[in-house]
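Visitor: My structure is stored as structure38.cif, with mmCIF, C-alpha atoms and all ligand atoms.
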data_run
loop_
_atom_site.label_atom_id
_atom_site.label_comp_id
_atom_site.auth_asym_id
_atom_site.auth_seq_id
_atom_site.Cartn_x
_atom_site.Cartn_y
_atom_site.Cartn_z
CA MET S 1 0.00 0.00 0.00
CA THR S 2 1.28 3.44 -0.94
CA HIS S 3 0.88 6.47 1.32
CA ILE S 4 0.82 9.70 -0.67
CA PHE S 5 1.45 13.02 1.08
CA ALA S 6 1.27 16.54 -0.31
CA ILE S 7 3.62 18.77 1.67
CA THR S 8 1.70 22.00 1.49
CA ASN S 9 1.64 25.49 2.95
CA GLN S 10 1.16 28.51 0.72
CA LYS S 11 3.58 30.41 2.90
CA GLY S 12 7.19 30.28 1.66
CA GLY S 13 10.11 29.48 3.90
CA VAL S 14 8.25 27.30 6.40
CA GLY S 15 10.26 24.13 5.80
CA LYS S 16 8.27 22.33 3.06
CA THR S 17 11.28 21.51 0.93
CA THR S 18 13.49 20.74 3.92
CA THR S 19 10.81 18.25 5.02
CA ALA S 20 10.43 16.89 1.46
CA ILE S 21 14.14 15.96 1.47
CA ASN S 22 14.80 14.92 5.06
CA LEU S 23 11.66 12.98 5.92
CA PRO S 24 12.02 10.71 2.84
CA ALA S 25 15.74 10.19 3.58
CA SER S 26 14.80 9.05 7.09
CA LEU S 27 12.14 6.67 5.76
CA VAL S 28 14.70 5.20 3.36
CA ALA S 29 16.95 4.58 6.38
CA MET S 30 13.98 2.65 7.80
CA LYS S 31 13.96 0.51 4.66
CA ARG S 32 10.92 2.11 3.05
CA LYS S 33 10.80 2.70 -0.71
CA VAL S 34 10.11 6.41 -1.32
CA LEU S 35 9.44 8.74 -4.24
CA VAL S 36 9.75 12.52 -3.93
CA VAL S 37 7.89 14.64 -6.47
CA ASP S 38 9.28 18.15 -6.85
CA LEU S 39 6.29 20.28 -7.87
CA ASP S 40 7.91 23.68 -7.35
CA PRO S 41 9.39 25.46 -10.42
CA GLN S 42 12.22 26.63 -8.15
CA GLY S 43 13.50 23.04 -8.16
CA ASN S 44 14.86 23.29 -4.61
CA ALA S 45 13.98 19.72 -3.71
CA THR S 46 15.70 18.57 -6.91
CA MET S 47 18.93 20.44 -6.16
CA GLY S 48 18.82 19.49 -2.48
CA SER S 49 18.57 15.84 -3.52
CA GLY S 50 21.84 16.10 -5.47
CA ILE S 51 20.32 16.38 -8.95
CA ASN S 52 21.19 19.43 -11.06
CA LYS S 53 17.88 20.93 -12.20
CA ASN S 54 19.61 22.55 -15.21
CA GLU S 55 20.76 19.16 -16.51
CA VAL S 56 17.43 17.38 -16.12
CA GLU S 57 16.21 16.10 -19.49
CA ARG S 58 12.73 15.08 -18.43
CA SER S 59 10.93 16.62 -15.52
CA VAL S 60 7.55 16.66 -13.84
CA TYR S 61 6.58 19.29 -16.41
CA ASP S 62 6.96 16.77 -19.27
CA VAL S 63 4.95 14.27 -17.24
CA ILE S 64 1.95 16.48 -16.53
CA THR S 65 1.86 17.83 -20.09
CA HIS S 66 1.97 14.23 -21.41
CA GLN S 67 5.30 14.51 -23.19
CA CYS S 68 6.65 11.45 -21.40
CA HIS S 69 5.66 8.75 -18.91
CA CYS S 70 6.39 9.18 -15.23
CA ALA S 71 8.88 6.30 -15.25
CA GLU S 72 10.94 8.03 -17.96
CA ALA S 73 11.43 11.14 -15.82
CA VAL S 74 12.05 9.52 -12.42
CA GLN S 75 15.69 9.37 -11.30
CA HIS S 76 17.35 7.61 -8.39
CA THR S 77 19.10 10.13 -6.14
CA PRO S 78 22.83 9.53 -5.79
CA GLU S 79 23.07 9.64 -1.99
CA ALA S 80 19.67 10.28 -0.45
CA GLY S 81 18.39 6.86 -1.49
CA TYR S 82 14.93 7.80 -2.67
CA ASP S 83 13.66 8.27 -6.20
CA LEU S 84 12.90 11.76 -7.48
CA LEU S 85 10.59 13.19 -10.09
CA PRO S 86 12.56 16.41 -10.69
CA ALA S 87 11.42 19.95 -11.47
CA ASN S 88 12.96 23.07 -12.94
CA SER S 89 11.77 26.41 -14.30
CA ASP S 90 9.95 24.66 -17.20
CA LEU S 91 7.22 24.04 -14.65
CA THR S 92 6.39 27.75 -14.52
CA ALA S 93 4.76 27.36 -17.94
CA ALA S 94 2.67 24.41 -16.76
CA GLU S 95 0.61 26.65 -14.53
CA VAL S 96 -0.74 28.51 -17.55
CA GLU S 97 -0.78 25.52 -19.93
CA LEU S 98 -2.77 23.37 -17.52
CA MET S 99 -5.67 25.82 -17.67
CA SER S 100 -6.51 24.83 -21.22
CA LEU S 101 -5.92 21.09 -20.77
CA LYS S 102 -8.51 18.43 -20.04
CA MET S 103 -8.60 16.97 -16.55
CA LYS S 104 -6.29 19.75 -15.47
CA GLU S 105 -6.63 19.00 -11.76
CA HIS S 106 -5.86 15.31 -12.16
CA ARG S 107 -2.77 15.28 -14.35
CA LEU S 108 -0.32 14.40 -11.58
CA GLN S 109 -2.72 11.92 -10.00
CA TYR S 110 -3.06 9.91 -13.22
CA ALA S 111 0.68 10.07 -13.92
CA LEU S 112 1.53 8.77 -10.46
CA ALA S 113 -1.05 5.99 -10.79
CA GLU S 114 1.32 4.36 -13.33
CA ILE S 115 4.15 3.94 -10.83
CA LYS S 116 2.80 4.36 -7.31
CA HIS S 117 2.65 0.61 -6.63
CA GLU S 118 6.47 0.61 -6.61
CA TYR S 119 6.61 2.79 -3.48
CA ASP S 120 5.67 2.70 0.19
CA TYR S 121 5.59 6.50 0.41
CA ILE S 122 5.27 9.35 -2.07
CA PHE S 123 5.85 12.96 -0.99
CA ILE S 124 4.93 15.91 -3.19
CA ASP S 125 6.81 19.17 -2.47
CA CYS S 126 4.38 21.98 -3.31
CA PRO S 127 5.12 25.54 -4.46
CA PRO S 128 4.39 28.38 -2.02
CA ALA S 129 0.99 29.17 -3.56
CA LEU S 130 -2.51 27.72 -3.69
CA ASN S 131 -2.32 27.41 -7.49
CA MET S 132 -3.13 24.74 -10.09
CA LEU S 133 0.10 22.86 -9.29
CA THR S 134 -0.89 22.65 -5.64
CA VAL S 135 -4.39 21.56 -6.69
CA ASN S 136 -2.74 18.73 -8.68
CA ALA S 137 -0.78 17.72 -5.58
CA LEU S 138 -3.92 17.75 -3.42
CA ALA S 139 -5.80 15.71 -6.03
CA ALA S 140 -3.04 13.09 -6.15
CA ALA S 141 -2.51 12.86 -2.39
CA GLU S 142 -4.34 11.00 0.35
CA GLN S 143 -2.98 13.20 3.08
CA VAL S 144 -1.78 16.76 3.50
CA LEU S 145 1.29 17.30 5.63
CA ILE S 146 1.55 20.92 6.73
CA PRO S 147 4.90 22.20 7.93
CA MET S 148 4.60 25.43 9.86
CA GLN S 149 6.58 27.83 11.94
CA CYS S 150 4.93 28.67 15.23
CA GLU S 151 4.50 32.40 14.72
CA TYR S 152 1.47 34.62 14.82
CA TYR S 153 0.81 34.96 11.08
CA ALA S 154 1.16 31.22 10.60
CA LEU S 155 -2.33 30.70 12.01
CA GLU S 156 -3.83 33.26 9.68
CA GLY S 157 -2.41 31.46 6.61
CA LEU S 158 -3.64 28.17 7.96
CA ALA S 159 -7.28 29.29 7.70
CA ALA S 160 -6.90 29.91 3.94
CA LEU S 161 -5.20 26.54 3.51
CA MET S 162 -8.01 24.76 5.40
CA ASP S 163 -10.57 26.46 3.14
CA THR S 164 -8.72 25.25 0.06
CA ILE S 165 -8.46 21.72 1.43
CA GLY S 166 -12.18 21.75 2.22
CA HIS S 167 -12.94 22.85 -1.34
CA ILE S 168 -10.68 20.17 -2.84
CA GLN S 169 -12.39 17.54 -0.67
CA LYS S 170 -15.78 18.61 -2.03
CA VAL S 171 -14.90 19.00 -5.69
CA VAL S 172 -11.74 17.10 -6.61
CA ASN S 173 -10.62 14.55 -4.03
CA PRO S 174 -13.08 13.37 -1.36
CA ARG S 175 -10.48 10.98 0.12
CA LEU S 176 -8.12 13.78 1.10
CA GLU S 177 -7.31 13.99 4.83
CA ILE S 178 -5.23 16.25 7.02
CA GLY S 179 -2.25 13.99 7.56
CA GLY S 180 -0.68 16.20 10.16
CA LEU S 181 0.88 19.49 11.14
CA LEU S 182 4.62 19.57 11.64
CA ARG S 183 6.17 22.31 13.75
CA THR S 184 9.41 23.43 12.09
CA MET S 185 12.26 25.74 13.12
CA TYR S 186 10.94 25.16 16.61
CA ASP S 187 12.37 27.15 19.49
CA PRO S 188 10.88 26.14 22.86
CA ARG S 189 12.56 29.12 24.58
CA ASN S 190 10.37 31.52 22.60
CA SER S 191 7.09 32.20 24.40
CA LEU S 192 5.25 33.00 21.17
CA THR S 193 6.30 29.60 19.81
CA ASN S 194 4.73 27.99 22.87
CA ASP S 195 1.53 30.05 22.63
CA VAL S 196 1.02 29.28 18.95
CA SER S 197 1.92 25.66 19.56
CA ASP S 198 -0.76 25.44 22.30
CA GLN S 199 -3.35 27.02 19.99
CA LEU S 200 -2.48 24.54 17.25
CA LYS S 201 -2.92 21.60 19.60
CA ALA S 202 -6.21 23.03 20.91
CA HIS S 203 -7.53 23.40 17.36
CA PHE S 204 -6.05 20.40 15.56
CA GLY S 205 -5.52 17.94 18.43
CA ASP S 206 -3.76 14.74 17.43
CA ALA S 207 -3.17 16.02 13.92
CA VAL S 208 -0.21 17.95 15.35
CA TYR S 209 2.85 15.71 15.27
CA SER S 210 4.51 15.28 18.68
CA SER S 211 7.89 15.41 16.96
CA VAL S 212 9.16 18.94 16.36
CA ILE S 213 11.96 20.06 14.05
CA PRO S 214 14.35 22.45 15.81
CA ARG S 215 16.16 25.27 14.09
CA ASN S 216 19.43 23.60 13.10
CA VAL S 217 22.14 25.02 10.88
CA ARG S 218 22.99 21.60 9.42
CA LEU S 219 19.52 21.42 7.88
CA ALA S 220 20.15 24.76 6.17
CA GLU S 221 23.66 23.81 4.99
CA ALA S 222 22.99 20.30 3.69
CA PRO S 223 21.07 21.27 0.49
CA SER S 224 24.06 23.15 -0.92
CA TYR S 225 25.87 19.79 -0.91
CA GLY S 226 22.88 18.05 -2.50
CA LEU S 227 22.42 15.95 0.62
CA PRO S 228 19.80 15.29 3.29
CA ALA S 229 21.07 16.08 6.81
CA LEU S 230 21.24 12.35 7.52
CA GLN S 231 23.98 11.98 4.88
CA TYR S 232 25.60 15.36 5.58
CA ASP S 233 25.86 15.08 9.37
CA LYS S 234 23.98 12.13 10.76
CA SER S 235 24.46 13.09 14.39
CA SER S 236 23.06 16.62 13.89
CA LYS S 237 19.93 17.65 15.79
CA GLY S 238 18.17 18.21 12.46
CA ALA S 239 18.87 14.69 11.18
CA MET S 240 17.77 13.21 14.51
CA ALA S 241 14.57 15.23 14.53
CA TYR S 242 13.55 14.06 11.05
CA LEU S 243 14.33 10.46 12.03
CA ALA S 244 12.03 10.82 15.03
CA MET S 245 9.37 12.39 12.81
CA ALA S 246 9.69 9.49 10.34
CA GLY S 247 9.29 7.03 13.21
CA GLU S 248 6.13 8.81 14.32
CA MET S 249 4.81 8.80 10.76
CA VAL S 250 5.41 5.06 10.39
CA ARG S 251 3.60 4.40 13.67
CA ARG S 252 0.70 6.58 12.57
CA VAL S 253 0.16 5.49 9.01
CA GLU S 254 1.32 1.88 9.16
CA GLY S 255 0.02 1.38 12.69
CA ILE S 256 3.14 -0.48 13.76
CA LYS S 257 6.13 0.11 15.96
CA ALA S 258 8.80 2.00 14.03
CA PRO S 259 11.97 0.04 13.36
CA ASP S 260 14.87 0.65 15.73
CA THR S 261 16.95 3.52 14.34
CA ALA S 262 19.94 3.06 16.68
CA HIS S 263 21.98 1.50 13.87
CA ILE S 264 21.41 4.60 11.75
CA THR S 265 22.50 7.23 14.25
CA GLY S 266 24.93 5.17 16.35
P1 LIG S 301 9.79 26.18 1.91
O1 LIG S 301 10.02 25.01 1.01
O2 LIG S 301 8.55 26.05 2.73
O3 LIG S 301 9.84 27.49 1.19
P2 LIG S 301 12.43 25.59 2.95
O4 LIG S 301 12.40 24.18 3.41
O5 LIG S 301 13.08 25.87 1.64
O6 LIG S 301 10.98 26.22 2.99
O7 LIG S 301 13.11 26.43 4.12
C1 LIG S 301 13.35 27.83 3.99
C2 LIG S 301 14.76 28.15 4.48
O8 LIG S 301 14.90 27.81 5.84
C3 LIG S 301 15.84 27.34 3.75
O9 LIG S 301 16.98 28.13 3.58
C4 LIG S 301 16.11 26.18 4.68
O10 LIG S 301 17.42 25.68 4.54
C5 LIG S 301 15.89 26.81 6.04
N1 LIG S 301 15.37 25.86 7.02
C6 LIG S 301 14.28 25.08 6.91
N2 LIG S 301 14.06 24.35 8.01
C7 LIG S 301 15.07 24.67 8.86
C8 LIG S 301 15.42 24.27 10.20
N3 LIG S 301 14.69 23.40 10.87
N4 LIG S 301 16.54 24.84 10.75
C9 LIG S 301 17.26 25.74 10.07
N5 LIG S 301 17.00 26.16 8.84
C10 LIG S 301 15.90 25.64 8.23
MG MG S 302 10.16 24.93 -1.09
#
Take the structure in the file and give it back as structure tokens.

Guide:
Amino acid sequence: MTHIFAITNQKGGVGKTTTAINLPASLVAMKRKVLVVDLDPQGNATMGSGINKNEVERSVYDVITHQCHCAEAVQHTPEAGYDLLPANSDLTAAEVELMSLKMKEHRLQYALAEIKHEYDYIFIDCPPALNMLTVNALAAAEQVLIPMQCEYYALEGLAALMDTIGHIQKVVNPRLEIGGLLRTMYDPRNSLTNDVSDQLKAHFGDAVYSSVIPRNVRLAEAPSYGLPALQYDKSSKGAMAYLAMAGEMVRRVEGIKAPDTAHITG
């Protein structure tokens, strides 16, 4: 069974791409087979996975505009260990082109249907906008994973995202669920962080992951080497936090005890 997550938040800089690289790398370390779909024309997840977006011959753009099959565009990442459907600036055009295409909301969903049986998990890294690309991600996904920084304006943006998800559930994808909120760049010494965190738990209850991702410089450095933190500095707080998050995800979605990760970090 494949678990498909859209990593979504229309706010930029909240840790979507960092999550789209590091959570899959941790799941690979737990012996899961994972595909990452880069659905942001900035191609940050592609570069951060060690694949040069400027040298990509076939990308997610070619897939959703039916110029190639999904399997022809998927690459295995050199070090991270997951497969990647890469993106680059070509994808900017897709936003406009999709508007005139048939089944424009379902392009990614149908493309992934061809290969999803090969994976335990698929993560879609969304652009920082509630646009047609994000709609494609929400149509293809079963769950939405929402990374967020615990700051005042974060809650305001969340209301717009919940409205969009509600609309998608009604019109495009009735199976879509809130797969969880992940607190990123978390600083427990900051009282606003704690206030917002409490409000999130009051409103979303168990949907808020217990694992938090601390602010950690290794997480910010690793993408420039094309590596997840686990490969860049496996004992870093950032790598450990994403491993813990992956363990929590496995327990939640597979309903089983996560495998022992001591051999990975030890
Ligand atoms: P998004 O994809 O939501 O725009 P990113 O994952 O690209 O956000 O993160 C924005 C910036 O913050 C990047 O430079 C990234 O390296 C950095 N960053 C993300 N998460 C962390 C973290 N936990 N600690 C430190 N830096 C982080
Ligand atoms: Mg991003």

Visitor: Collect all residues with atoms no farther than 9 Å from ligand LIG 301 (chain S), counting only C-alpha atoms and all ligand atoms, and output them as a VMD selection string.

Guide: chain S and resid 7 to 21 40 44 to 45 125 to 128 147 to 148 184 to 186 212 to 224 238 241

Visitor: Write to file, as a CSV table (one decimal), keeping the file's coordinate frame, the residues of the selection just made, with C-alpha atoms.

Guide:
chain,number,residue,atom,x,y,z
S,7,ILE,CA,3.6,18.8,1.7
S,8,THR,CA,1.7,22.0,1.5
S,9,ASN,CA,1.6,25.5,3.0
S,10,GLN,CA,1.2,28.5,0.7
S,11,LYS,CA,3.6,30.4,2.9
S,12,GLY,CA,7.2,30.3,1.7
S,13,GLY,CA,10.1,29.5,3.9
S,14,VAL,CA,8.2,27.3,6.4
S,15,GLY,CA,10.3,24.1,5.8
S,16,LYS,CA,8.3,22.3,3.1
S,17,THR,CA,11.3,21.5,0.9
S,18,THR,CA,13.5,20.7,3.9
S,19,THR,CA,10.8,18.2,5.0
S,20,ALA,CA,10.4,16.9,1.5
S,21,ILE,CA,14.1,16.0,1.5
S,40,ASP,CA,7.9,23.7,-7.4
S,44,ASN,CA,14.9,23.3,-4.6
S,45,ALA,CA,14.0,19.7,-3.7
S,125,ASP,CA,6.8,19.2,-2.5
S,126,CYS,CA,4.4,22.0,-3.3
S,127,PRO,CA,5.1,25.5,-4.5
S,128,PRO,CA,4.4,28.4,-2.0
S,147,PRO,CA,4.9,22.2,7.9
S,148,MET,CA,4.6,25.4,9.9
S,184,THR,CA,9.4,23.4,12.1
S,185,MET,CA,12.3,25.7,13.1
S,186,TYR,CA,10.9,25.2,16.6
S,212,VAL,CA,9.2,18.9,16.4
S,213,ILE,CA,12.0,20.1,14.0
S,214,PRO,CA,14.4,22.4,15.8
S,215,ARG,CA,16.2,25.3,14.1
S,216,ASN,CA,19.4,23.6,13.1
S,217,VAL,CA,22.1,25.0,10.9
S,218,ARG,CA,23.0,21.6,9.4
S,219,LEU,CA,19.5,21.4,7.9
S,220,ALA,CA,20.2,24.8,6.2
S,221,GLU,CA,23.7,23.8,5.0
S,222,ALA,CA,23.0,20.3,3.7
S,223,PRO,CA,21.1,21.3,0.5
S,224,SER,CA,24.1,23.2,-0.9
S,238,GLY,CA,18.2,18.2,12.5
S,241,ALA,CA,14.6,15.2,14.5

Visitor: Counting all atoms listed in the file, figure out which residue out of S:Ile178, S:Val74, S:Leu155, S:Ala141 gets nearest to Tyr110 in chain S.

Guide: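 Residue with the minimum atom-to-atom distance to Tyr110 in chain S: S:Ala141.
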
Visitor: Every residue with an atom at most 9 Å from (16.1, 9.0, -4.2) (file coordinates; only C-alpha atoms) is what I'm after, so could you write them as a ChimeraX atom specification?

Guide: /S:24-25,28,33-36,49,75-84

Visitor: Which residue is closest to Ala139 in chain S? Choose from S:Arg175, S:His117, S:Gly50, S:Glu156 and count all atoms listed in the file.

Guide: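 With all atoms listed in the file as the atom set, the closest residue is S:Arg175.
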
Visitor: Between S:Ser235, S:Gln42, S:Thr134, S:Thr65, which is the closest to ligand MG 302 (chain S) once you count only C-alpha atoms and all ligand atoms?

Guide: S:Gln42

Visitor: Return the single residue from S:Gly48, S:Ala6, S:Met245, S:Leu138 that is closest to Tyr232 in chain S, with distances computed using all atoms listed in the file.

Guide: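 When distances to Tyr232 in chain S are compared using all atoms listed in the file, the smallest one comes from S:Gly48.
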
Visitor: Would you work out the distance separating CA of Leu158 in chain S from CA of Gln199 in chain S, expressed in Å to one decimal?

Guide: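 These two atoms are separated by 12.1 Å.
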
Visitor: Please list as a PyMOL selection string every residue within 12 Å of Leu133 in chain S, counting only C-alpha atoms and excluding residues in the same chain fewer than 2 positions away.

Guide: chain S and resi 6+8+10+37-41+60-61+64+87+91-99+104-109+124-131+135-140

Visitor: Taking only C-alpha atoms and all ligand atoms into account, which of S:Glu254, S:Lys31, S:Val63, S:Met47 comes nearest ligand MG 302 (chain S)?

Guide: S:Met47

Visitor: In file coordinates, which residues lie within 10 Å of (-4.9, 20.7, 4.9) using only C-alpha atoms, given as a list in words?

Guide: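 Residues close enough to count: Ala6, Ile7, Thr8, Asn9, Leu138, Gln143, Val144, Leu145, Ile146, Leu158, Ala159, Ala160, Leu161, Met162, Asp163, Thr164, Ile165, Gly166, Ile168, Gln169, Leu176, Glu177, Ile178, Gly179, Gly180 and Leu181 of chain S.
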
Visitor: So which one's closest to ligand MG 302 (chain S), S:Gly43, S:Arg58, S:Cys70, S:Ser210? Using only C-alpha atoms and all ligand atoms, please.

Guide: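 Closest to ligand MG 302 (chain S), using only C-alpha atoms and all ligand atoms: S:Gly43.
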
Visitor: What does the structure give for the distance between CA of Arg183 in chain S and CA of Ser197 in chain S, in Å to one decimal?

Guide: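 Straight-line distance from CA of Arg183 in chain S to CA of Ser197 in chain S works out to 7.9 Å.
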
Visitor: Just the number, please: distance in Å from CA of His3 in chain S to CA of Thr46 in chain S, one decimal.

Guide: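 Rounded to one decimal, the two atoms are 20.8 Å apart.
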
Visitor: Take range 57-87 of chain S, model N, CA and C atoms, and hand the result over as a tab-separated table (two decimals), in the frame of the given file.

Guide:
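File produced: result_38.tsv:
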chain	number	residue	atom	x	y	z
S	57	GLU	N	16.77	16.17	-18.14
S	57	GLU	CA	16.21	16.10	-19.49
S	57	GLU	C	14.70	16.00	-19.49
S	58	ARG	N	14.19	15.21	-18.54
S	58	ARG	CA	12.73	15.08	-18.43
S	58	ARG	C	12.33	15.37	-17.00
S	59	SER	N	11.32	16.19	-16.86
S	59	SER	CA	10.93	16.62	-15.52
S	59	SER	C	9.44	16.40	-15.32
S	60	VAL	N	8.98	16.79	-14.16
S	60	VAL	CA	7.55	16.66	-13.84
S	60	VAL	C	6.71	17.48	-14.83
S	61	TYR	N	7.29	18.51	-15.39
S	61	TYR	CA	6.58	19.29	-16.41
S	61	TYR	C	6.23	18.42	-17.61
S	62	ASP	N	7.22	17.65	-18.11
S	62	ASP	CA	6.96	16.77	-19.27
S	62	ASP	C	5.91	15.72	-18.94
S	63	VAL	N	5.91	15.30	-17.66
S	63	VAL	CA	4.95	14.27	-17.24
S	63	VAL	C	3.53	14.83	-17.24
S	64	ILE	N	3.34	16.00	-16.63
S	64	ILE	CA	1.95	16.48	-16.53
S	64	ILE	C	1.43	17.07	-17.85
S	65	THR	N	2.33	17.38	-18.77
S	65	THR	CA	1.86	17.83	-20.09
S	65	THR	C	1.89	16.68	-21.12
S	66	HIS	N	2.04	15.45	-20.59
S	66	HIS	CA	1.97	14.23	-21.41
S	66	HIS	C	3.03	14.16	-22.50
S	67	GLN	N	4.21	14.65	-22.22
S	67	GLN	CA	5.30	14.51	-23.19
S	67	GLN	C	6.17	13.29	-22.90
S	68	CYS	N	5.98	12.73	-21.70
S	68	CYS	CA	6.65	11.45	-21.40
S	68	CYS	C	5.91	10.77	-20.25
S	69	HIS	N	6.23	9.47	-20.05
S	69	HIS	CA	5.66	8.75	-18.91
S	69	HIS	C	6.44	9.09	-17.65
S	70	CYS	N	5.77	8.92	-16.54
S	70	CYS	CA	6.39	9.18	-15.23
S	70	CYS	C	7.72	8.42	-15.09
S	71	ALA	N	7.69	7.15	-15.44
S	71	ALA	CA	8.88	6.30	-15.25
S	71	ALA	C	10.08	6.82	-16.04
S	72	GLU	N	9.83	7.52	-17.14
S	72	GLU	CA	10.94	8.03	-17.96
S	72	GLU	C	11.59	9.26	-17.32
S	73	ALA	N	10.89	9.92	-16.42
S	73	ALA	CA	11.43	11.14	-15.82
S	73	ALA	C	11.99	10.90	-14.41
S	74	VAL	N	11.59	9.79	-13.79
S	74	VAL	CA	12.05	9.52	-12.42
S	74	VAL	C	13.53	9.13	-12.41
S	75	GLN	N	14.27	9.69	-11.46
S	75	GLN	CA	15.69	9.37	-11.30
S	75	GLN	C	15.93	8.85	-9.89
S	76	HIS	N	16.95	8.01	-9.74
S	76	HIS	CA	17.35	7.61	-8.39
S	76	HIS	C	18.37	8.64	-7.89
S	77	THR	N	18.18	9.12	-6.67
S	77	THR	CA	19.10	10.13	-6.14
S	77	THR	C	20.43	9.47	-5.77
S	78	PRO	N	21.53	10.16	-6.00
S	78	PRO	CA	22.83	9.53	-5.79
S	78	PRO	C	23.10	9.12	-4.35
S	79	GLU	N	22.71	9.94	-3.38
S	79	GLU	CA	23.07	9.64	-1.99
S	79	GLU	C	21.87	9.49	-1.08
S	80	ALA	N	20.80	10.24	-1.38
S	80	ALA	CA	19.67	10.28	-0.45
S	80	ALA	C	18.95	8.93	-0.39
S	81	GLY	N	18.95	8.21	-1.50
S	81	GLY	CA	18.39	6.86	-1.49
S	81	GLY	C	16.93	6.75	-1.91
S	82	TYR	N	16.30	7.87	-2.15
S	82	TYR	CA	14.93	7.80	-2.67
S	82	TYR	C	14.94	8.11	-4.16
S	83	ASP	N	13.81	7.89	-4.80
S	83	ASP	CA	13.66	8.27	-6.20
S	83	ASP	C	13.07	9.68	-6.25
S	84	LEU	N	13.34	10.37	-7.36
S	84	LEU	CA	12.90	11.76	-7.48
S	84	LEU	C	12.30	12.01	-8.85
S	85	LEU	N	11.15	12.66	-8.85
S	85	LEU	CA	10.59	13.19	-10.09
S	85	LEU	C	10.96	14.68	-10.07
S	86	PRO	N	11.97	15.07	-10.85
S	86	PRO	CA	12.56	16.41	-10.69
S	86	PRO	C	11.74	17.53	-11.31
S	87	ALA	N	12.07	18.75	-10.90
S	87	ALA	CA	11.42	19.95	-11.47
S	87	ALA	C	12.48	21.01	-11.76
